file data_10.txt (compact mmCIF, C-alpha atoms)
# COMPACT_ATOMS: atom_id res chain seq x y z
CA MET K 1 0.00 0.00 0.00
CA ALA K 2 1.35 3.42 -0.98
CA MET K 3 1.52 6.68 0.95
CA LEU K 4 -0.64 9.60 -0.11
CA SER K 5 1.61 12.54 -0.93
CA LYS K 6 0.06 15.63 0.62
CA ALA K 7 2.34 17.96 -1.35
CA ALA K 8 1.55 16.30 -4.70
CA LEU K 9 -2.19 16.39 -4.08
CA ILE K 10 -2.17 20.03 -3.00
CA GLU K 11 -0.12 20.97 -6.07
CA SER K 12 -2.73 19.40 -8.36
CA LEU K 13 -5.70 21.21 -6.76
CA PRO K 14 -7.39 24.31 -8.16
CA HIS K 15 -5.81 27.51 -6.85
CA LYS K 16 -9.08 28.38 -5.10
CA PRO K 17 -11.15 25.19 -4.77
CA TYR K 18 -14.67 24.77 -3.51
CA CYS K 19 -14.74 23.31 -0.02
CA THR K 20 -17.03 22.83 2.97
CA ASP K 21 -17.63 21.01 6.23
CA GLU K 22 -21.35 20.84 5.51
CA LEU K 23 -22.83 19.66 2.21
CA GLY K 24 -25.03 22.24 0.53
CA ASN K 25 -23.01 25.17 1.85
CA LEU K 26 -19.96 25.66 -0.39
CA PHE K 27 -17.11 28.14 0.01
CA ILE K 28 -14.23 29.15 -2.23
CA ARG K 29 -10.92 29.26 -0.39
CA GLY K 30 -7.20 29.14 -1.09
CA ARG K 31 -5.61 25.71 -1.19
CA LEU K 32 -4.10 25.77 2.29
CA SER K 33 -7.40 26.83 3.81
CA ALA K 34 -9.49 24.45 1.68
CA ILE K 35 -7.59 21.30 2.70
CA SER K 36 -8.73 21.83 6.29
CA ARG K 37 -12.36 21.18 5.26
CA GLN K 38 -14.05 17.77 5.10
CA TYR K 39 -15.12 18.15 1.47
CA LEU K 40 -12.91 19.48 -1.31
CA GLN K 41 -12.86 20.17 -5.05
CA VAL K 42 -9.97 18.17 -6.51
CA ASN K 43 -10.36 18.76 -10.26
CA ARG K 44 -9.41 22.14 -11.67
CA HIS K 45 -11.98 24.17 -13.56
CA ASN K 46 -12.62 22.57 -16.98
CA MET K 47 -9.83 20.05 -16.44
CA VAL K 48 -10.10 16.39 -15.39
CA THR K 49 -7.21 14.94 -13.43
CA TYR K 50 -9.24 12.62 -11.20
CA LEU K 51 -12.21 10.31 -11.76
CA VAL K 52 -14.12 10.12 -8.49
CA PHE K 53 -16.93 7.67 -7.70
CA ASP K 54 -19.43 7.89 -4.84
CA ILE K 55 -20.45 4.52 -3.38
CA ASP K 56 -23.16 4.53 -0.73
CA ARG K 57 -22.97 1.11 0.89
CA ALA K 58 -20.94 -0.70 3.51
CA GLY K 59 -17.60 -1.99 2.24
CA ALA K 60 -17.48 0.73 -0.43
CA ALA K 61 -13.74 1.32 -0.02
CA LEU K 62 -13.08 -2.14 -1.50
CA ALA K 63 -15.73 -1.96 -4.22
CA TRP K 64 -12.95 -1.65 -6.84
CA SER K 65 -11.51 -5.02 -5.75
CA ASP K 66 -14.94 -6.68 -5.72
CA ALA K 67 -15.53 -5.36 -9.25
CA HIS K 68 -12.10 -6.56 -10.49
CA LEU K 69 -10.92 -3.07 -11.31
CA PRO K 70 -7.39 -1.65 -10.88
CA PRO K 71 -6.36 -0.13 -7.54
CA PRO K 72 -7.45 3.50 -7.17
CA TYR K 73 -5.23 6.39 -6.12
CA TRP K 74 -7.09 6.73 -2.85
CA THR K 75 -10.31 5.83 -1.06
CA ALA K 76 -11.90 8.01 1.64
CA LYS K 77 -14.34 6.11 3.85
CA ASN K 78 -16.96 7.36 6.28
CA PRO K 79 -16.14 5.40 9.48
CA ARG K 80 -19.77 5.51 10.63
CA ASN K 81 -21.43 3.72 7.70
CA GLY K 82 -18.66 2.43 5.42
CA HIS K 83 -19.68 4.63 2.49
CA ALA K 84 -16.74 5.93 0.48
CA HIS K 85 -15.39 7.91 -2.44
CA ILE K 86 -12.99 6.12 -4.78
CA CYS K 87 -10.55 8.24 -6.79
CA TYR K 88 -8.53 7.30 -9.88
CA LYS K 89 -5.71 9.60 -11.04
CA LEU K 90 -5.25 10.09 -14.79
CA LEU K 91 -1.78 9.97 -16.29
CA ILE K 92 -2.68 12.76 -18.73
CA PRO K 93 -5.37 15.26 -17.61
CA PHE K 94 -7.66 16.64 -20.30
CA PRO K 95 -9.96 19.67 -20.74
CA THR K 96 -13.74 19.27 -20.60
CA SER K 97 -14.90 22.28 -22.60
CA GLU K 98 -13.00 22.08 -25.89
CA ALA K 99 -15.46 21.64 -28.75
CA ALA K 100 -12.56 21.04 -31.13
CA HIS K 101 -11.26 18.09 -29.07
CA LEU K 102 -14.28 15.96 -28.17
CA GLU K 103 -12.54 12.59 -28.59
CA PRO K 104 -10.80 12.35 -25.20
CA ILE K 105 -13.91 13.70 -23.45
CA ARG K 106 -16.15 11.15 -25.15
CA TYR K 107 -13.68 8.34 -24.47
CA ALA K 108 -13.27 9.28 -20.81
CA ALA K 109 -17.05 9.66 -20.43
CA ALA K 110 -17.59 6.13 -21.72
CA ILE K 111 -14.95 4.74 -19.34
CA GLN K 112 -16.33 6.70 -16.38
CA SER K 113 -19.86 5.49 -17.12
CA ALA K 114 -18.73 1.85 -17.42
CA PHE K 115 -16.74 2.10 -14.17
CA MET K 116 -19.75 3.65 -12.47
CA GLN K 117 -21.90 0.73 -13.55
CA ARG K 118 -19.34 -1.87 -12.48
CA LEU K 119 -18.83 -0.20 -9.09
CA GLN K 120 -22.59 0.33 -8.65
CA ALA K 121 -21.70 3.94 -7.83
CA ASP K 122 -24.19 6.75 -7.38
CA GLU K 123 -25.14 8.12 -10.82
CA GLY K 124 -26.53 11.23 -9.16
CA TYR K 125 -23.15 12.25 -7.76
CA ALA K 126 -22.38 15.68 -9.22
CA GLY K 127 -18.61 15.24 -8.91
CA LEU K 128 -17.78 18.82 -7.95
CA ILE K 129 -16.50 18.04 -4.47
CA THR K 130 -15.30 14.85 -2.81
CA LYS K 131 -14.44 13.58 0.64
CA ASN K 132 -11.13 15.28 1.36
CA PRO K 133 -8.55 12.47 1.60
CA LEU K 134 -6.32 14.71 3.73
CA HIS K 135 -8.98 15.29 6.40
CA PRO K 136 -8.85 13.14 9.57
CA HIS K 137 -12.66 12.79 9.60
CA TRP K 138 -12.36 10.13 6.86
CA GLN K 139 -10.49 6.84 6.87
CA THR K 140 -8.20 7.32 3.88
CA GLU K 141 -6.14 4.65 2.15
CA CYS K 142 -3.73 5.28 -0.72
CA TRP K 143 -3.59 2.18 -2.93
CA THR K 144 -1.19 3.35 -5.64
CA GLU K 145 0.67 6.52 -6.56
CA ASP K 146 0.44 5.69 -10.27
CA GLY K 147 -1.73 7.59 -12.70
CA TYR K 148 -3.54 5.57 -15.36
CA SER K 149 -3.97 6.21 -19.07
CA LEU K 150 -7.49 6.09 -20.47
CA ASP K 151 -6.48 3.15 -22.66
CA TYR K 152 -5.36 1.20 -19.61
CA LEU K 153 -8.60 1.85 -17.73
CA ALA K 154 -10.66 0.95 -20.81
CA ASP K 155 -9.18 -2.53 -20.83
CA PHE K 156 -11.04 -3.36 -17.60
CA VAL K 157 -14.56 -2.60 -18.83
CA ASP K 158 -16.85 -2.89 -21.82
CA ILE K 159 -17.58 0.67 -22.93
CA ARG K 160 -20.19 -0.23 -25.52
CA ASN K 161 -23.47 1.61 -24.89
CA HIS K 162 -21.62 4.13 -22.71
CA PRO K 163 -21.95 6.91 -21.76
CA LYS K 164 -25.68 7.32 -21.24
CA VAL K 165 -27.43 10.13 -23.08
CA GLY K 166 -30.44 12.34 -22.43
CA ARG K 167 -31.93 12.75 -18.95
CA GLU K 168 -29.90 9.83 -17.54
CA ALA K 169 -26.54 11.26 -18.62
CA SER K 170 -24.17 11.74 -15.69
CA GLY K 171 -20.58 12.75 -15.03
CA LEU K 172 -18.64 13.53 -18.20
CA GLY K 173 -21.51 12.06 -20.19
CA ARG K 174 -23.39 15.33 -19.61
CA ASN K 175 -20.56 17.26 -21.29
CA CYS K 176 -20.70 14.98 -24.34
CA ASP K 177 -24.48 15.02 -24.52
CA THR K 178 -24.58 18.82 -24.27
CA PHE K 179 -21.80 19.22 -26.83
CA ASP K 180 -23.48 16.89 -29.30
CA ASN K 181 -26.96 18.38 -28.97
CA VAL K 182 -25.90 22.02 -29.09
CA ARG K 183 -23.14 21.83 -31.68
CA HIS K 184 -25.40 20.08 -34.21
CA TRP K 185 -28.04 22.73 -33.63
CA ALA K 186 -25.41 25.47 -33.90
CA TYR K 187 -24.13 24.41 -37.33
CA LYS K 188 -27.35 25.67 -38.93
CA ALA K 189 -28.60 28.14 -36.32
CA ILE K 190 -25.55 30.37 -36.66
CA ARG K 191 -26.70 31.44 -40.15
CA GLU K 192 -29.55 33.40 -38.56
CA TYR K 193 -27.02 35.50 -36.61
CA TRP K 194 -24.66 36.43 -39.44
CA ARG K 195 -24.50 40.21 -39.24
CA PRO K 196 -21.90 42.77 -38.13
CA ASP K 197 -20.88 42.41 -34.47
CA TYR K 198 -22.99 39.31 -33.88
CA ALA K 199 -20.57 37.56 -31.47
CA ALA K 200 -22.32 38.60 -28.23
CA SER K 201 -25.82 37.71 -29.41
CA TRP K 202 -24.60 34.38 -30.77
CA GLU K 203 -22.79 33.49 -27.52
CA ASN K 204 -25.95 34.29 -25.56
CA ALA K 205 -28.04 32.11 -27.86
CA VAL K 206 -25.65 29.17 -27.50
CA LEU K 207 -25.56 29.62 -23.72
CA ALA K 208 -29.35 29.60 -23.55
CA ARG K 209 -29.43 26.38 -25.58
CA CYS K 210 -26.82 24.73 -23.32
CA GLU K 211 -28.71 25.77 -20.20
CA ALA K 212 -31.93 24.28 -21.57
CA ILE K 213 -30.18 20.96 -22.26
CA ASN K 214 -28.50 20.98 -18.85
CA MET K 215 -31.77 21.49 -16.97
CA GLY K 216 -33.06 18.25 -18.47
CA TYR K 217 -30.48 16.07 -16.70
CA ASN K 218 -31.34 14.28 -13.48
CA THR K 219 -28.23 15.92 -12.00
CA PRO K 220 -27.41 19.14 -13.89
CA MET K 221 -23.88 20.49 -14.27
CA GLN K 222 -22.65 23.59 -12.49
CA TYR K 223 -23.40 26.86 -14.32
CA SER K 224 -19.69 27.60 -14.75
CA GLU K 225 -19.23 24.33 -16.61
CA VAL K 226 -22.25 24.96 -18.84
CA LYS K 227 -20.98 28.47 -19.59
CA SER K 228 -17.56 27.13 -20.61
CA ILE K 229 -19.11 24.57 -22.95
CA ALA K 230 -21.30 27.24 -24.52
CA LYS K 231 -18.36 29.61 -24.98
CA SER K 232 -16.31 26.87 -26.64
CA ILE K 233 -19.10 25.92 -29.07
CA ALA K 234 -19.86 29.56 -29.90
CA LYS K 235 -16.22 30.41 -30.65
CA TRP K 236 -15.65 27.21 -32.63
CA THR K 237 -18.70 27.73 -34.84
CA MET K 238 -17.87 31.41 -35.43
CA ARG K 239 -14.41 30.36 -36.56
CA HIS K 240 -15.51 27.48 -38.80
CA PHE K 241 -18.98 28.52 -39.98
CA THR K 242 -18.52 31.92 -41.60
CA PRO K 243 -20.58 33.24 -44.54
CA ALA K 244 -17.53 32.92 -46.81
CA LYS K 245 -16.84 29.31 -45.83
CA PHE K 246 -20.52 28.45 -46.18
CA SER K 247 -20.58 29.81 -49.76
CA GLU K 248 -17.39 27.93 -50.60
CA SER K 249 -18.81 24.73 -49.14
CA GLN K 250 -22.01 25.02 -51.15
CA ALA K 251 -20.03 25.59 -54.33
CA LYS K 252 -17.95 22.45 -53.79
CA LYS K 253 -20.79 20.28 -52.54
CA GLY K 254 -21.68 18.84 -55.94
CA GLU K 255 -18.07 18.19 -56.87
CA LYS K 256 -17.40 16.49 -53.56
CA GLY K 257 -20.49 14.33 -53.91
CA GLY K 258 -19.36 13.19 -57.33
CA LYS K 259 -15.96 12.19 -56.04
CA CYS K 260 -17.45 10.29 -53.12
CA SER K 261 -19.71 8.29 -55.43
CA LYS K 262 -16.80 6.94 -57.46
CA GLY K 263 -15.13 3.65 -56.69
CA GLY K 264 -14.39 3.29 -53.04
CA GLY K 265 -12.40 0.29 -51.97
CA ARG K 266 -13.99 -2.79 -50.47
CA PRO K 267 -14.08 -2.47 -46.66
CA VAL K 268 -11.69 -4.64 -44.77
CA ASP K 269 -13.51 -7.66 -43.36
CA LYS K 270 -13.10 -8.88 -39.79
CA LYS K 271 -10.82 -11.73 -40.77
CA SER K 272 -8.30 -9.57 -42.64
CA GLU K 273 -8.40 -6.97 -39.86
CA ALA K 274 -7.62 -9.67 -37.34
CA GLN K 275 -4.69 -10.73 -39.49
CA LEU K 276 -3.38 -7.18 -39.87
CA LYS K 277 -3.66 -6.49 -36.11
CA PRO K 278 -3.81 -2.68 -36.43
CA TRP K 279 -3.88 -2.31 -32.63
CA GLU K 280 -0.21 -3.35 -32.51
CA SER K 281 0.90 -0.48 -34.73
CA LEU K 282 -1.20 1.90 -32.59
CA GLY K 283 0.38 0.60 -29.40
CA VAL K 284 -2.94 -0.33 -27.75
CA SER K 285 -4.62 -3.58 -26.79
CA ARG K 286 -7.03 -5.38 -29.12
CA ARG K 287 -9.95 -4.59 -26.80
CA THR K 288 -9.06 -0.89 -26.65
CA TYR K 289 -8.80 -0.77 -30.45
CA TYR K 290 -12.30 -2.16 -30.95
CA ASN K 291 -13.71 -0.02 -28.12
CA LYS K 292 -12.36 3.12 -29.79
CA LYS K 293 -13.58 1.95 -33.18
CA LYS K 294 -17.14 1.51 -31.87
CA LEU K 295 -17.02 5.03 -30.43
CA GLY K 296 -15.87 6.42 -33.79
CA LEU K 297 -12.50 7.47 -32.38
CA LEU K 298 -10.50 5.60 -35.08
call {"tool": "encode", "arguments": {"input": "data_10.txt", "output": "structure tokens"}}
result
Amino acid sequence: MAMLSKAALIESLPHKPYCTDELGNLFIRGRLSAISRQYLQVNRHNMVTYLVFDIDRAGAALAWSDAHLPPPYWTAKNPRNGHAHICYKLLIPFPTSEAAHLEPIRYAAAIQSAFMQRLQADEGYAGLITKNPLHPHWQTECWTEDGYSLDYLADFVDIRNHPKVGREASGLGRNCDTFDNVRHWAYKAIREYWRPDYAASWENAVLARCEAINMGYNTPMQYSEVKSIAKSIAKWTMRHFTPAKFSESQAKKGEKGGKCSKGGGRPVDKKSEAQLKPWESLGVSRRTYYNKKKLGLL
């Protein structure tokens, strides 16, 4: 069993994290003040370094072992009822509000959702704050100091049919669901806003759309997270969907369609793909390769 490095954890925290000793009454404090509270925000704003799961049953601190999952970074257990938070550290953190880079968000959301199902964790857990592993109120165990890659974590679960969408979306799945719903709407809706100095009105329209989607989830995201997603979508569409680019696209549409209709090689069948073993050249496992392929990430 490893030792939890207080210095390393503090260094990874937001500069002014949310914290509290009483759920429902959050404060924003500097790191050194925040770590004295029972509950603490461990992920930085719009950045995922930790995947945290809330398990509300006795023996929760060992739920990862019962589910045949890899050892977590730490577990923080309530000594009165055995309920616990389980935290996995990612080897490479990633942003959660970049419309131009949805692949790692979608991949991580699928893994998080599959882990949640395997652990029988609370799908209503918002994920903003967690049991502070540095606070003496909780029984904390550090199981490994290693961070995991998403590919490594994906090898332990079947991510097909994950993450959930619509009202039942949770965790990072809400980010993906909001991105997908709003960006597809935005591709066409932006045309109605093309006029001089339309940026502010367009950003407000995208934000309103994101807020409407968010309110439909069983556990909505924080407003700051919704606002960041909206800002990312608005800026991305303004950069890529301009009147000039739209006209150019329309002009080339027929030509492109003609090219696409010609030829086209025969798709590789399963047998030949198994012989080629493309996962080896990508440096991932066979299971991870097919998981990513089903998610459209390859």
call {"tool": "closest_residue", "arguments": {"input": "data_10.txt", "among": "K:Arg174, K:His184, K:Lys235, K:Arg287", "to": "Asn214 of chain K", "atoms": "only C-alpha atoms"}}
result
K:Arg174
call {"tool": "closest_residue", "arguments": {"input": "data_10.txt", "among": "K:Asp66, K:Glu123, K:Asp21, K:Glu273", "to": "Arg167 of chain K", "atoms": "all atoms listed in the file"}}
result
K:Glu123
call {"tool": "closest_residue", "arguments": {"input": "data_10.txt", "among": "K:Gly147, K:Pro220, K:Pro70, K:Pro14", "to": "Phe115 of chain K", "atoms": "only C-alpha atoms"}}
result
K:Pro70
call {"tool": "residues_around", "arguments": {"input": "data_10.txt", "residues": "Arg57 of chain K", "least_positions_apart": "6", "cutoff": "10 Å", "atoms": "all atoms listed in the file", "output": "PyMOL selection string"}}
result
chain K and resi 63+81-84+120-121
call {"tool": "write_last_selection", "arguments": {"input": "data_10.txt", "atoms": "C-alpha atoms", "output": "mmCIF file, in the coordinates of the input"}}
result
data_model
loop_
_atom_site.group_PDB
_atom_site.id
_atom_site.type_symbol
_atom_site.label_atom_id
_atom_site.label_comp_id
_atom_site.auth_asym_id
_atom_site.auth_seq_id
_atom_site.Cartn_x
_atom_site.Cartn_y
_atom_site.Cartn_z
ATOM 1 C CA ALA K 63 -15.730 -1.960 -4.220
ATOM 2 C CA ASN K 81 -21.430 3.720 7.700
ATOM 3 C CA GLY K 82 -18.660 2.430 5.420
ATOM 4 C CA HIS K 83 -19.680 4.630 2.490
ATOM 5 C CA ALA K 84 -16.740 5.930 0.480
ATOM 6 C CA GLN K 120 -22.590 0.330 -8.650
ATOM 7 C CA ALA K 121 -21.700 3.940 -7.830
#
call {"tool": "closest_residue", "arguments": {"input": "data_10.txt", "among": "K:Phe241, K:Tyr223, K:Trp202, K:Tyr39", "to": "His137 of chain K", "atoms": "all atoms listed in the file"}}
result
K:Tyr39
call {"tool": "closest_atom_pairs", "arguments": {"input": "data_10.txt", "of": "segment 118-144 of chain K", "to": "segment 34-38 of chain K", "cutoff": "10 Å", "atoms": "all atoms listed in the file", "output": "JSON lines"}}
result
{"residue": "K:Ile129", "atom": "CA", "partner": "K:Gln38", "partner_atom": "CA", "distance": 9.9}
{"residue": "K:Thr130", "atom": "CA", "partner": "K:Gln38", "partner_atom": "CA", "distance": 8.5}
{"residue": "K:Lys131", "atom": "CA", "partner": "K:Gln38", "partner_atom": "CA", "distance": 6.1}
{"residue": "K:Asn132", "atom": "CA", "partner": "K:Gln38", "partner_atom": "CA", "distance": 5.4}
{"residue": "K:Pro133", "atom": "CA", "partner": "K:Gln38", "partner_atom": "CA", "distance": 8.4}
{"residue": "K:Leu134", "atom": "CA", "partner": "K:Ile35", "partner_atom": "CA", "distance": 6.8}
{"residue": "K:His135", "atom": "CA", "partner": "K:Gln38", "partner_atom": "CA", "distance": 5.8}
{"residue": "K:Pro136", "atom": "CA", "partner": "K:Gln38", "partner_atom": "CA", "distance": 8.3}
{"residue": "K:His137", "atom": "CA", "partner": "K:Gln38", "partner_atom": "CA", "distance": 6.9}
{"residue": "K:Trp138", "atom": "CA", "partner": "K:Gln38", "partner_atom": "CA", "distance": 8.0}
